[in-house]
$ cat structure.pdb   # PDB, C-alpha atoms and all ligand atoms
ATOM      1  CA  MET A   1     -31.412 -33.055  -4.930
ATOM      2  CA  THR A   2     -27.811 -32.075  -4.294
ATOM      3  CA  THR A   3     -26.670 -28.482  -4.198
ATOM      4  CA  THR A   4     -23.373 -27.451  -5.766
ATOM      5  CA  PRO A   5     -20.736 -27.220  -3.059
ATOM      6  CA  LYS A   6     -19.437 -23.685  -2.856
ATOM      7  CA  GLY A   7     -15.975 -22.616  -1.914
ATOM      8  CA  LYS A   8     -14.910 -19.439  -0.230
ATOM      9  CA  VAL A   9     -13.102 -16.583  -1.952
ATOM     10  CA  TRP A  10     -10.287 -14.960   0.004
ATOM     11  CA  PHE A  11      -9.018 -11.519  -0.927
ATOM     12  CA  VAL A  12      -5.437 -11.824   0.242
ATOM     13  CA  GLY A  13      -2.976  -8.958   0.579
ATOM     14  CA  ALA A  14       0.273 -10.201  -0.952
ATOM     15  CA  GLY A  15       2.280  -7.357   0.519
ATOM     16  CA  PRO A  16       4.427  -4.890  -1.412
ATOM     17  CA  GLY A  17       6.462  -7.347  -3.491
ATOM     18  CA  ASP A  18       8.922  -9.292  -1.359
ATOM     19  CA  PRO A  19       7.233 -12.714  -1.155
ATOM     20  CA  GLU A  20       8.332 -12.953   2.488
ATOM     21  CA  LEU A  21       6.115  -9.991   3.362
ATOM     22  CA  ILE A  22       2.842 -11.876   2.889
ATOM     23  CA  THR A  23       1.150 -12.811   6.191
ATOM     24  CA  LEU A  24       1.323 -16.374   7.535
ATOM     25  CA  LYS A  25      -2.415 -16.599   7.057
ATOM     26  CA  GLY A  26      -2.142 -15.498   3.436
ATOM     27  CA  GLN A  27       0.605 -18.034   2.797
ATOM     28  CA  LYS A  28      -1.456 -20.830   4.386
ATOM     29  CA  LEU A  29      -4.467 -19.978   2.242
ATOM     30  CA  LEU A  30      -2.338 -19.983  -0.914
ATOM     31  CA  ALA A  31      -0.922 -23.379   0.067
ATOM     32  CA  GLN A  32      -4.445 -24.845   0.173
ATOM     33  CA  ALA A  33      -5.873 -22.905  -2.789
ATOM     34  CA  GLY A  34      -7.502 -24.677  -5.711
ATOM     35  CA  ALA A  35      -7.411 -21.501  -7.774
ATOM     36  CA  VAL A  36      -5.533 -18.194  -7.567
ATOM     37  CA  LEU A  37      -6.255 -15.015  -9.477
ATOM     38  CA  PHE A  38      -3.351 -12.634  -9.042
ATOM     39  CA  ALA A  39      -3.100  -8.938  -9.814
ATOM     40  CA  GLY A  40      -0.302  -8.527 -12.356
ATOM     41  CA  SER A  41       3.445  -8.707 -12.150
ATOM     42  CA  LEU A  42       3.786  -7.256  -8.662
ATOM     43  CA  VAL A  43       2.590 -10.408  -6.891
ATOM     44  CA  ASP A  44       3.176 -13.339  -9.220
ATOM     45  CA  ARG A  45       6.151 -14.545  -7.195
ATOM     46  CA  ALA A  46       4.109 -15.149  -4.048
ATOM     47  CA  ALA A  47       1.477 -17.035  -6.052
ATOM     48  CA  THR A  48       3.942 -19.287  -7.796
ATOM     49  CA  LEU A  49       6.022 -19.833  -4.670
ATOM     50  CA  TYR A  50       3.244 -20.824  -2.296
ATOM     51  CA  ALA A  51       0.401 -22.295  -4.379
ATOM     52  CA  PRO A  52       0.304 -26.103  -4.545
ATOM     53  CA  ALA A  53       1.046 -28.142  -7.664
ATOM     54  CA  GLY A  54      -2.101 -28.441  -9.751
ATOM     55  CA  CYS A  55      -3.533 -25.123  -8.556
ATOM     56  CA  VAL A  56      -5.163 -23.088 -11.325
ATOM     57  CA  ILE A  57      -3.201 -19.818 -11.436
ATOM     58  CA  ARG A  58      -4.276 -16.909 -13.553
ATOM     59  CA  ASP A  59      -3.041 -13.349 -14.065
ATOM     60  CA  SER A  60      -5.838 -10.779 -14.077
ATOM     61  CA  LYS A  61      -3.974  -8.059 -15.945
ATOM     62  CA  ASP A  62      -5.949  -8.447 -19.202
ATOM     63  CA  MET A  63      -9.344  -9.134 -17.545
ATOM     64  CA  THR A  64     -12.306  -6.841 -16.953
ATOM     65  CA  LEU A  65     -13.974  -6.734 -13.552
ATOM     66  CA  GLU A  66     -16.864  -8.882 -14.863
ATOM     67  CA  GLN A  67     -14.454 -11.475 -16.232
ATOM     68  CA  MET A  68     -12.654 -11.582 -12.883
ATOM     69  CA  THR A  69     -15.775 -12.025 -10.809
ATOM     70  CA  ASP A  70     -17.189 -14.619 -13.241
ATOM     71  CA  TRP A  71     -13.903 -16.502 -12.987
ATOM     72  CA  LEU A  72     -13.898 -16.363  -9.175
ATOM     73  CA  ILE A  73     -17.498 -17.559  -9.032
ATOM     74  CA  GLU A  74     -16.719 -20.416 -11.441
ATOM     75  CA  GLN A  75     -13.663 -21.477  -9.455
ATOM     76  CA  ALA A  76     -15.550 -21.282  -6.167
ATOM     77  CA  ALA A  77     -17.960 -23.899  -7.539
ATOM     78  CA  ALA A  78     -15.022 -26.237  -8.118
ATOM     79  CA  HIS A  79     -12.676 -25.541  -5.195
ATOM     80  CA  GLY A  80     -13.012 -25.018  -1.452
ATOM     81  CA  THR A  81     -10.450 -22.235  -1.337
ATOM     82  CA  VAL A  82     -10.085 -19.599  -4.014
ATOM     83  CA  VAL A  83      -7.607 -16.740  -3.570
ATOM     84  CA  ARG A  84      -7.693 -13.313  -5.145
ATOM     85  CA  LEU A  85      -4.146 -12.112  -4.524
ATOM     86  CA  GLN A  86      -3.660  -8.342  -4.467
ATOM     87  CA  THR A  87      -0.687  -6.057  -4.005
ATOM     88  CA  GLY A  88      -0.157  -4.501  -0.604
ATOM     89  CA  ASP A  89      -3.424  -4.391   1.302
ATOM     90  CA  PRO A  90      -6.657  -5.262  -0.539
ATOM     91  CA  ALA A  91      -8.557  -2.353   1.015
ATOM     92  CA  LEU A  92      -6.383   0.298  -0.659
ATOM     93  CA  TYR A  93      -7.088   1.060  -4.326
ATOM     94  CA  GLY A  94      -7.955  -2.588  -4.891
ATOM     95  CA  ALA A  95     -11.527  -2.586  -6.293
ATOM     96  CA  LEU A  96     -12.376  -4.805  -3.314
ATOM     97  CA  ILE A  97     -16.026  -3.873  -2.947
ATOM     98  CA  GLU A  98     -16.664  -3.966  -6.698
ATOM     99  CA  MET A  99     -15.388  -7.541  -6.755
ATOM    100  CA  ALA A 100     -17.098  -8.615  -3.541
ATOM    101  CA  ARG A 101     -20.590  -7.444  -4.480
ATOM    102  CA  PRO A 102     -21.144  -9.974  -7.304
ATOM    103  CA  LEU A 103     -19.796 -12.712  -5.014
ATOM    104  CA  SER A 104     -22.268 -11.805  -2.275
ATOM    105  CA  ALA A 105     -25.041 -11.619  -4.882
ATOM    106  CA  ALA A 106     -24.112 -15.142  -6.026
ATOM    107  CA  GLY A 107     -24.260 -16.391  -2.434
ATOM    108  CA  ILE A 108     -20.505 -16.990  -2.260
ATOM    109  CA  GLU A 109     -18.757 -16.450   1.031
ATOM    110  CA  TRP A 110     -15.746 -14.146   0.976
ATOM    111  CA  ALA A 111     -13.282 -12.661   3.436
ATOM    112  CA  VAL A 112     -10.225 -10.434   3.460
ATOM    113  CA  VAL A 113      -6.708 -11.118   4.752
ATOM    114  CA  PRO A 114      -4.897  -7.801   5.195
ATOM    115  CA  GLY A 115      -1.471  -7.149   3.732
ATOM    116  CA  VAL A 116       1.537  -4.893   4.246
ATOM    117  CA  SER A 117       0.789  -1.810   2.196
ATOM    118  CA  SER A 118       3.458  -0.286  -0.034
ATOM    119  CA  ALA A 119       3.113   2.873   2.074
ATOM    120  CA  MET A 120       4.498   0.971   5.076
ATOM    121  CA  ALA A 121       7.093  -0.840   2.986
ATOM    122  CA  SER A 122       8.352   2.434   1.515
ATOM    123  CA  MET A 123       8.921   3.999   4.920
ATOM    124  CA  ALA A 124      10.571   0.792   6.099
ATOM    125  CA  ALA A 125      12.897   0.806   3.082
ATOM    126  CA  ALA A 126      13.999   4.360   3.826
ATOM    127  CA  GLY A 127      14.259   3.880   7.602
ATOM    128  CA  GLU A 128      11.761   6.676   8.178
ATOM    129  CA  SER A 129       8.836   7.072  10.583
ATOM    130  CA  MET A 130       5.360   8.186   9.564
ATOM    131  CA  THR A 131       4.776   9.830  12.931
ATOM    132  CA  LEU A 132       7.002  11.717  15.338
ATOM    133  CA  PRO A 133       6.085  13.366  18.668
ATOM    134  CA  GLU A 134       5.308  17.065  18.252
ATOM    135  CA  VAL A 135       5.966  16.886  14.497
ATOM    136  CA  THR A 136       3.021  14.986  13.106
ATOM    137  CA  GLN A 137       0.721  12.333  14.534
ATOM    138  CA  THR A 138      -1.312  11.849  11.390
ATOM    139  CA  VAL A 139      -0.901  10.022   8.087
ATOM    140  CA  ILE A 140      -2.897  10.669   4.941
ATOM    141  CA  LEU A 141      -3.000   7.952   2.279
ATOM    142  CA  THR A 142      -4.051   9.545  -0.979
ATOM    143  CA  ARG A 143      -3.406  10.092  -4.679
ATOM    144  CA  VAL A 144      -3.756  12.912  -7.170
ATOM    145  CA  GLU A 145      -6.437  13.012  -9.782
ATOM    146  CA  GLY A 146      -5.677  10.996 -12.873
ATOM    147  CA  ARG A 147      -8.449   9.354 -14.856
ATOM    148  CA  THR A 148     -10.107   8.611 -11.507
ATOM    149  CA  PRO A 149     -11.555  11.909 -10.244
ATOM    150  CA  MET A 150     -10.950  13.044  -6.660
ATOM    151  CA  PRO A 151     -14.090  13.575  -4.567
ATOM    152  CA  PRO A 152     -14.771  17.177  -3.476
ATOM    153  CA  GLY A 153     -12.565  18.380  -0.632
ATOM    154  CA  GLU A 154      -9.859  15.781  -1.276
ATOM    155  CA  ASP A 155      -7.581  17.600  -3.675
ATOM    156  CA  LEU A 156      -3.967  17.289  -2.556
ATOM    157  CA  ALA A 157      -3.549  21.009  -1.830
ATOM    158  CA  THR A 158      -6.409  20.858   0.681
ATOM    159  CA  LEU A 159      -5.017  17.724   2.339
ATOM    160  CA  ALA A 160      -1.444  19.040   2.333
ATOM    161  CA  ALA A 161      -2.541  22.122   4.295
ATOM    162  CA  HIS A 162      -2.624  19.832   7.366
ATOM    163  CA  ARG A 163       1.182  19.372   7.184
ATOM    164  CA  THR A 164       0.928  15.702   8.057
ATOM    165  CA  THR A 165       2.686  12.748   6.483
ATOM    166  CA  LEU A 166       1.335  12.263   2.966
ATOM    167  CA  CYS A 167       1.724   8.888   1.245
ATOM    168  CA  ILE A 168       0.788   9.475  -2.352
ATOM    169  CA  PHE A 169      -0.129   6.399  -4.411
ATOM    170  CA  LEU A 170      -0.623   6.060  -8.178
ATOM    171  CA  SER A 171       0.878   9.456  -8.911
ATOM    172  CA  ILE A 172       4.496   9.070 -10.024
ATOM    173  CA  THR A 173       3.671  10.115 -13.602
ATOM    174  CA  LEU A 174       1.783  13.105 -12.197
ATOM    175  CA  MET A 175       4.589  14.489 -10.056
ATOM    176  CA  TYR A 176       3.994  17.976 -11.454
ATOM    177  CA  LYS A 177       0.524  17.892  -9.879
ATOM    178  CA  VAL A 178       1.956  16.738  -6.550
ATOM    179  CA  GLU A 179       4.467  19.585  -6.587
ATOM    180  CA  ALA A 180       1.870  22.192  -7.552
ATOM    181  CA  ALA A 181      -0.410  21.036  -4.729
ATOM    182  CA  LEU A 182       2.317  21.147  -2.085
ATOM    183  CA  ARG A 183       3.348  24.640  -3.243
ATOM    184  CA  ALA A 184      -0.276  25.806  -3.182
ATOM    185  CA  ALA A 185      -0.466  24.541   0.406
ATOM    186  CA  GLY A 186       2.621  26.556   1.347
ATOM    187  CA  TRP A 187       5.193  23.776   1.701
ATOM    188  CA  PRO A 188       8.683  25.295   1.350
ATOM    189  CA  GLU A 189      10.976  24.445  -1.584
ATOM    190  CA  ASP A 190      13.349  22.637   0.786
ATOM    191  CA  ALA A 191      10.603  20.384   2.210
ATOM    192  CA  PRO A 192      12.063  16.858   2.205
ATOM    193  CA  MET A 193      10.482  14.286  -0.098
ATOM    194  CA  LEU A 194      10.968  10.608  -0.713
ATOM    195  CA  VAL A 195      10.167   8.346  -3.636
ATOM    196  CA  VAL A 196      10.488   4.579  -3.350
ATOM    197  CA  HIS A 197      10.300   2.422  -6.463
ATOM    198  CA  LYS A 198       9.375  -1.242  -5.974
ATOM    199  CA  ALA A 199       9.688  -1.063  -2.201
ATOM    200  CA  SER A 200      10.785  -4.418  -0.712
ATOM    201  CA  TRP A 201      11.511  -6.020  -4.108
ATOM    202  CA  PRO A 202      14.726  -7.962  -3.676
ATOM    203  CA  GLY A 203      17.347  -6.374  -5.944
ATOM    204  CA  GLU A 204      14.930  -3.921  -7.551
ATOM    205  CA  GLU A 205      14.020  -1.465  -4.824
ATOM    206  CA  ARG A 206      15.222   2.094  -5.417
ATOM    207  CA  ILE A 207      15.094   4.995  -3.000
ATOM    208  CA  VAL A 208      15.231   8.590  -4.208
ATOM    209  CA  ARG A 209      15.464  11.419  -1.709
ATOM    210  CA  GLY A 210      15.075  15.060  -2.546
ATOM    211  CA  THR A 211      13.140  18.207  -1.826
ATOM    212  CA  LEU A 212      10.033  19.767  -3.251
ATOM    213  CA  ALA A 213      12.356  21.750  -5.528
ATOM    214  CA  ASP A 214      14.242  18.823  -7.037
ATOM    215  CA  ILE A 215      12.425  15.518  -6.470
ATOM    216  CA  LYS A 216      10.903  15.445  -9.946
ATOM    217  CA  ALA A 217      14.291  15.921 -11.641
ATOM    218  CA  ARG A 218      15.874  13.299  -9.381
ATOM    219  CA  CYS A 219      13.184  10.772 -10.273
ATOM    220  CA  ARG A 220      13.657  11.533 -13.949
ATOM    221  CA  GLU A 221      17.423  11.032 -13.628
ATOM    222  CA  ALA A 222      16.806   7.728 -11.876
ATOM    223  CA  GLY A 223      14.366   6.708 -14.618
ATOM    224  CA  ILE A 224      11.508   6.069 -12.183
ATOM    225  CA  ALA A 225       8.183   6.200 -14.008
ATOM    226  CA  SER A 226       6.026   3.499 -12.402
ATOM    227  CA  GLN A 227       5.380   1.428  -9.264
ATOM    228  CA  ALA A 228       6.511   4.127  -6.904
ATOM    229  CA  MET A 229       5.347   5.676  -3.653
ATOM    230  CA  ILE A 230       5.730   9.409  -3.138
ATOM    231  CA  VAL A 231       6.081  10.566   0.455
ATOM    232  CA  ALA A 232       6.028  14.152   1.631
ATOM    233  CA  SER A 233       6.392  14.478   5.368
ATOM    234  CA  PRO A 234       7.787  16.786   8.024
ATOM    235  CA  THR A 235       9.253  13.629   9.639
ATOM    236  CA  LEU A 236      11.638  12.813   6.781
ATOM    237  CA  GLY A 237      15.315  12.929   7.674
ATOM    238  CA  ALA A 238      14.687  13.028  11.438
ATOM    239  CA  LEU A 239      17.502  10.514  11.984
ATOM    240  CA  HIS A 240      19.929  13.382  11.450
ATOM    241  CA  TRP A 241      18.148  16.184  13.311
ATOM    242  CA  GLU A 242      19.980  17.832  16.196
ATOM    243  CA  THR A 243      16.922  17.895  18.435
ATOM    244  CA  LEU A 244      14.018  15.535  18.632
ATOM    245  CA  ALA A 245      11.049  15.522  21.013
ATOM    246  CA  ARG A 246      10.868  12.308  23.035
ATOM    247  CA  SER A 247       8.067   9.776  22.883
ATOM    248  CA  LYS A 248       6.228  10.084  26.214
ATOM    249  CA  LEU A 249       5.911   6.313  26.526
ATOM    250  CA  TYR A 250       9.683   5.854  26.833
ATOM    251  CA  ASP A 251      10.482   9.139  28.593
ATOM    252  CA  PRO A 252      12.098   8.503  32.019
ATOM    253  CA  ALA A 253      10.081  11.434  33.423
ATOM    254  CA  PHE A 254       6.735  10.024  32.318
ATOM    255  CA  THR A 255       4.650   7.633  34.461
ATOM    256  CA  HIS A 256       2.212   5.239  32.831
ATOM    257  CA  ARG A 257       0.391   1.992  33.554
ATOM    258  CA  PHE A 258       3.485  -0.205  33.278
ATOM    259  CA  ARG A 259       6.286   2.038  34.511
ATOM    260  CA  LYS A 260       6.848   4.676  37.207
ATOM    261  CA  ALA A 261       8.833   7.782  36.316
ATOM    262  CA  SER A 262      12.385   7.764  37.644
ATOM    263  CA  ALA A 263      13.337  10.673  39.890
TER     264      ALA A 263
HETATM  265  N1  LIG A 301      -3.095  -2.038  -2.399
HETATM  266  C1  LIG A 301      -1.786  -1.498  -2.708
HETATM  267  C2  LIG A 301      -1.879  -0.261  -3.577
HETATM  268  C3  LIG A 301      -2.374  -0.543  -4.981
HETATM  269  S1  LIG A 301      -2.418   0.885  -5.996
HETATM  270  C4  LIG A 301      -1.035  -1.215  -1.406
HETATM  271  O1  LIG A 301      -1.616  -1.322  -0.318
HETATM  272  O2  LIG A 301       0.151  -0.918  -1.475
HETATM  273  C5  LIG A 301      -0.874   0.784  -6.845
HETATM  274  C6  LIG A 301       0.088   1.845  -6.332
HETATM  275  O3  LIG A 301       0.654   1.413  -5.113
HETATM  276  C7  LIG A 301       1.260   2.129  -7.243
HETATM  277  O4  LIG A 301       0.936   3.121  -8.201
HETATM  278  C8  LIG A 301       2.292   2.651  -6.274
HETATM  279  O5  LIG A 301       2.038   4.008  -5.935
HETATM  280  C9  LIG A 301       1.991   1.824  -5.043
HETATM  281  N2  LIG A 301       2.834   0.617  -4.922
HETATM  282  C10 LIG A 301       2.440  -0.664  -4.974
HETATM  283  N3  LIG A 301       3.487  -1.499  -4.726
HETATM  284  C11 LIG A 301       4.552  -0.706  -4.521
HETATM  285  C12 LIG A 301       5.918  -0.954  -4.174
HETATM  286  N4  LIG A 301       6.386  -2.178  -3.996
HETATM  287  N5  LIG A 301       6.732   0.127  -4.006
HETATM  288  C13 LIG A 301       6.276   1.386  -4.150
HETATM  289  N6  LIG A 301       5.004   1.672  -4.457
HETATM  290  C14 LIG A 301       4.151   0.649  -4.636
END

$ encode --input "structure.pdb" --output "structure tokens"
Amino acid sequence: MTTTPKGKVWFVGAGPGDPELITLKGQKLLAQAGAVLFAGSLVDRAATLYAPAGCVIRDSKDMTLEQMTDWLIEQAAAHGTVVRLQTGDPALYGALIEMARPLSAAGIEWAVVPGVSSAMASMAAAGESMTLPEVTQTVILTRVEGRTPMPPGEDLATLAAHRTTLCIFLSITLMYKVEAALRAAGWPEDAPMLVVHKASWPGEERIVRGTLADIKARCREAGIASQAMIVASPTLGALHWETLARSKLYDPAFTHRFRKASA
């Protein structure tokens, strides 16, 4: 009796949109893939650029979760390498575990290749830092409640009370909720905010800067209504501050494992 050979399913982070921001490992897996299931328009370029001729490529935008996992299981019976290509990093708002459970149940091996999240790409686009010494050393990746409810204790006002960097996904159409939460947490009207649309997309990226008071109007003027990252952070605009605390690691007066302080 012969058993059906089973391939492995790779959940690959495609990065934020620029096909050059996929990892080398992700690109190599695509190049050897027999089948690729990609998540909508944000990552089709990477799939079509790197997958070999003859590879079965399918867009998942009109599929249910069951249809996707059935498809992956079917393809894994036919090919050694099957790729599920996802935007940014697969572990963020990517239904990773929901898709992996049926694979595990079917005895199919799977693994994850991380990707550059749109949160990172948005800060990169704007030339901003998520952390700054003595300003904030913490980043919160979150969203506001839409049709997906927020678990208790995670409403944005509660999180914003920490005054850390907030990267807010999936919320551009709910900007009024973001603003209300920041106000409830006591953020001032002139708190700097940043919205990046299609971060890293060649020719399509747009950066909107503003404050709590005007960011919504600025986004409306710019016509940004989808695929955008909202950032609220006390670090924004630090390039132009008059004073800035130094990073200890590079401070001449600070001794560490690899360098002695200069007199
Ligand atoms: N796993 C993805 C997030 C998927 S949820 C990641 O790690 O980035 C989809 C949300 O991500 C969008 O609503 C938007 O807020 C954000 N997003 C994805 N790609 C983006 C991009 N190129 N620029 C700005 N925001 C993006």

$ residues_around --input "structure.pdb" --residues "stretch 175-184 of chain A" --least-positions-apart "4" --cutoff "7 Å" --atoms "all atoms listed in the file" --output "MDAnalysis selection string"
chainID A and resid 144 156:157 160 171 212 216

$ residues_near_ligand --input "structure.pdb" --ligand "ligand LIG 301 (chain A)" --cutoff "6 Å" --atoms "only C-alpha atoms and all ligand atoms" --output "number ranges by chain"
A: 16-17, 87-90, 92-94, 117-119, 169-170, 196-200, 227-229

$ atom_distance --input "structure.pdb" --atom1 "atom CA of A:Val9" --atom2 "atom CA of A:Ser60"
15.3 Å

$ residues_around --input "structure.pdb" --residues "stretch 35-51 of chain A" --least-positions-apart "3" --cutoff "6 Å" --atoms "all atoms listed in the file" --output "list in words"
Gly17, Pro19, Leu30, Ala31, Cys55, Val56, Ile57, Arg58, Asp59, Ser60, Lys61, Val82, Val83, Arg84, Leu85 and Gln86 of chain A

$ atom_distance --input "structure.pdb" --atom1 "atom CA of A:Leu21" --atom2 "atom CA of A:Gly115"
8.1 Å

$ resolve_selection --input "structure.pdb" --expression "the PyMOL selection byres (((chain A and resi 167) around 10) and not hetatm)" --output "JSON, numbers by chain"
{"A": [118, 119, 120, 122, 123, 130, 139, 140, 141, 142, 143, 164, 165, 166, 168, 169, 194, 195, 229, 230, 231, 232, 233]}

$ resolve_selection --input "structure.pdb" --expression "the PyMOL selection byres (((chain A and resi 77-80) around 8) and not hetatm)" --output "PyMOL selection string"
chain A and resi 4-8+33-35+73-76+81-82

$ resolve_selection --input "structure.pdb" --expression "the PyMOL selection byres (((chain A and resi 225) around 7) and not hetatm)" --output "mmCIF file with C-alpha atoms, keeping the file's coordinate frame"
data_model
loop_
_atom_site.group_PDB
_atom_site.id
_atom_site.type_symbol
_atom_site.label_atom_id
_atom_site.label_comp_id
_atom_site.auth_asym_id
_atom_site.auth_seq_id
_atom_site.Cartn_x
_atom_site.Cartn_y
_atom_site.Cartn_z
ATOM 1 C CA ILE A 172 4.496 9.070 -10.024
ATOM 2 C CA THR A 173 3.671 10.115 -13.602
ATOM 3 C CA GLY A 223 14.366 6.708 -14.618
ATOM 4 C CA ILE A 224 11.508 6.069 -12.183
ATOM 5 C CA SER A 226 6.026 3.499 -12.402
#

$ atom_distance --input "structure.pdb" --atom1 "atom CA of A:Thr69" --atom2 "atom CA of A:Arg101"
9.2 Å
